[in-house]
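Enquirer: Quick one: the structure is below, questions incoming.
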Amino acid sequence: MPKKRLHFKQYSKPQSTAPASLSSTAAGAGSHNGESESRGVNQLLAEMRRFGVNSNSNAQGALDVRPTVPPVIRDILQLPETPAPRPRPGRGRGGPRVDAAGRRLPPGPAPPQSWLNRPAHGIVSTVPRQSDSDERRLDQHMLPELYLPARGSLIDLTLRQFAHSWDFQREYCHYYIYHLPTHLREALVAYLSIWRDPGHVTLADLKAILLPPQKQEGDEDEDVELLEDEYLDPSIANKDFRHLDLSHSIGTSLSLRELTDLLFPPKPAATKTITAASLHTAELKESWEDSADEEDEHQPETPSIPRPLLPNLTHLSLSLPPNPFASSTFTSPHTTPTGNHPLPSWRHLLSFASHHPTLTHLSLANWPEPSLTPNAKYASFVTDQGRRVQYGGTGPYSHSLDNDWSEAILVLRRLSRAWYRLEWLDLRGCGGWWEALWGVSRGPMGDLDQDGVETHGEGGEVGDRVDWRVDWGKVETVVLGLEEERGKFPVDGVEEVVEKGKRLERHVRGVRKGRGRWFAVC
């Protein structure tokens, strides 16, 4: 006997009767129909608002709904003022998310707890420094107004890693470094002087950043096509390049002569040299007109005068690495270069200053005492009369016994005449020759008068000195690093360091006599 099959309908018909909840509500409404007719509309609305607030109190928070009265009527009836509505809830659909201090949080879901437990500088601390002995921060001892990205930002981390792998990046990104924005190239040079291993900027590095790329062996066709496009003249492309930070690079991986030849190309020969042999071998012409026409045809075009690579450079740092084995306040710092380049020469610095007189900010930190013959300090020669005379302008006892700063003052005077627009000067670590900033090249130094000007000799004769009123009359700040020098010496040494800074400040203000720009030492 076959089994009976139960056929279930796929779709069921909806209930013809209303649910129990609706029926009870309708019954309740019918029972109270008589009461609703007896009440007014305002009472019904107030009751509906009260029921609506109570039902939605858990979802949106209780809203303080009270009937308001006009201010004039409220004063007549002496009713209390209506309280302000309570703020919206901080989380959920009722309003934006806020933190504990009431500040509005960004839209979107809350960050995971693992992100909140991470230290603020966890990413920055993973990047090693150049060396353990270099404890300075990136924003210390830097040129004023130099663009530096925020510490720990994406640009900061990128530039650091770029500097660590610079040898690879210089070859791999050879065709793109020149096209970076100017402020990033300025920051890149500063980062190379701090974060690169071994931490010095070379001549090849400056050429890769400041000059357009050149074709190299092994370049692919796509890279060679980039060179077919005409580049702007480097002096035009670098017109906004104003900061050049070469800290700890001069004398170690770069010389002042190389820097001068790069920034100020030498002038090409404009005329052809004529020798006696060429005159004998020259053919005689029938007339002067024929010879003149032939010379015009074969005469090459006159080469244009080369323009400086950085025409608007105003901030330059040529600071040397500090010497940890010598006291920079009482002896001259004689740092030994780690590379094949000799110590920077003041003669080369004067030559560099003659090419670019528009510098406004200069750093000469840890430079030796100004001298045109530094290697002849202990040299002497014997005259025909049998007297032994010192060979150079500064001897071993010129500063300690004779108190003679004539050569240092001469060099600083020439430097002030070349860089007459200087406004900021950094002389940290140069305490061995701070006296030359206010000293006089004749005789021993005397006392200060009531105006702060030094008098010398019996008749008050004044010799050559650094001109802080005209040549360096625009200088507003001289950085001596007084705070750094205080931690290197005992109490007596600290007082001497501070007194030197105060003496320079009094001297410059006394020379200017309240005219010109304000002067300060820090």
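Every chain in the structure tokens takes a letter, A first, then B, and so on in the order presented; its residues are numbered from 1, and the ligands are numbered from 1 following the presented order.
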Using only C-alpha atoms, determine which residues lie at most 8 Å from Pro107 (chain A), disregarding the query and same-chain residues fewer than 2 positions distant; provide the list as a ChimeraX atom specification.

Expert: /A:96-97,105,109

Enquirer: Just to be explicit: take each residue in the selection above, keep N, CA and C atoms, and write the result as a short mmCIF file (atom, residue, chain, number, x, y, z; two decimals), in the first residue's frame.

Expert:
```cif
data_model
loop_
_atom_site.label_atom_id
_atom_site.label_comp_id
_atom_site.auth_asym_id
_atom_site.auth_seq_id
_atom_site.Cartn_x
_atom_site.Cartn_y
_atom_site.Cartn_z
N PRO A 96 28.35 62.79 17.61
CA PRO A 96 29.73 62.42 17.29
C PRO A 96 30.47 61.92 18.52
N ARG A 97 31.53 61.20 18.28
CA ARG A 97 32.34 60.68 19.37
C ARG A 97 33.24 61.79 19.91
N LEU A 105 36.26 63.67 18.26
CA LEU A 105 37.17 62.72 17.64
C LEU A 105 36.89 62.65 16.14
N PRO A 109 35.47 54.41 12.87
CA PRO A 109 35.54 53.54 14.06
C PRO A 109 36.72 53.92 14.94
#
```

Enquirer: Using only C-alpha atoms, which of A:Leu504, A:Ala110, A:Ala163, A:Leu364 sits nearest Pro344 (chain A)?

Expert: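 Of A:Leu504, A:Ala110, A:Ala163, A:Leu364, the one nearest Pro344 (chain A), counting only C-alpha atoms, is A:Leu364.
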
Enquirer: When distances are computed from only C-alpha atoms, which of A:Lys502, A:His243, A:Arg257, A:Arg104 shows the smallest separation from Leu349 (chain A)?

Expert: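 For Leu349 (chain A), the nearest of the given residues is A:Arg257.
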
Enquirer: Pick out the closest residue to Val411 (chain A) from this set: A:Leu350, A:Val389, A:Val69, A:Ala365. Count only C-alpha atoms.

Expert: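 Looking at the shortest contact to Val411 (chain A), the residue is A:Leu350.
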
Enquirer: Can you tell me which residues surround region 357-362 of chain A at a distance of at most 7 Å, considering only C-alpha atoms, apart from same-chain residues fewer than 6 positions away, and format the answer as a list of chain:residue names?

Expert: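 Contacts, with the query itself left out: A:Leu313, A:Thr314, A:His315, A:Leu316, A:Ser317, A:Ala418, A:Trp419, A:Arg421, A:Leu422, A:Glu423, A:Trp424, A:Leu425, A:Asp426.
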
Enquirer: Restricting the calculation to only C-alpha atoms: of A:His348, A:Arg509, A:Arg465, A:His355, which residue gets closest to Pro308 (chain A)?

Expert: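 Checking each of A:His348, A:Arg509, A:Arg465, A:His355 against Pro308 (chain A), counting only C-alpha atoms, the winner is A:His355.
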
Enquirer: Can you tell me how far CA of Leu259 (chain A) sits from CA of Ser345 (chain A), in Å to one decimal?

Expert: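 Between these atoms lies a distance of 12.9 Å.
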
Enquirer: Could you tell me how far CA of Asp245 (chain A) lies from CA of Thr477 (chain A), in Å and to one decimal?

Expert: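 That distance, rounded to one decimal, is 18.6 Å.
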
Enquirer: I'd like the neighbourhood of Ala190 (chain A) as a VMD selection string, where a residue qualifies if any of its atoms comes within 10 Å (using only C-alpha atoms), though same-chain residues fewer than 4 positions away should be ignored.

Expert: chain A and resid 138 142 to 143 146 to 148 159 163 184 to 186 194 to 196 200 to 201 243 to 247 317

Enquirer: Can you work out the spacing between CA of Trp438 (chain A) and CA of His507 (chain A) in Å, to one decimal?

Expert: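 Taking CA of Trp438 (chain A) as the start and CA of His507 (chain A) as the end point, the length is 6.7 Å.
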
Enquirer: Which is closer to Pro181 (chain A) than all the others in A:Leu318, A:Gly392, A:Pro144, A:Ala237, using only C-alpha atoms?

Expert: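 Of A:Leu318, A:Gly392, A:Pro144, A:Ala237, the one nearest Pro181 (chain A) is A:Ala237, counting only C-alpha atoms.
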
Enquirer: Looking at only C-alpha atoms, which of A:Leu254, A:Thr182, A:Thr260, A:Leu79 is the one that sits closest to Asp240 (chain A)?

Expert: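 So, comparing all the options, the nearest one is A:Thr182.
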
Enquirer: As a list in words, please: the residues near Arg413 (chain A) (cut-off 12 Å, only C-alpha atoms, same-chain neighbours under 5 positions excluded).

Expert: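 Neighbouring residues, sequence-local ones excluded: Leu350, Pro370, Ser406, Glu407, Ala408, Ala418, Trp419, Tyr420, Ala436, Leu437, Trp438, Gly439, Val440, Ser441, Asp464, Arg465, Val466, Asp467, Trp468, Val470, Asp471 and Trp472 of chain A.
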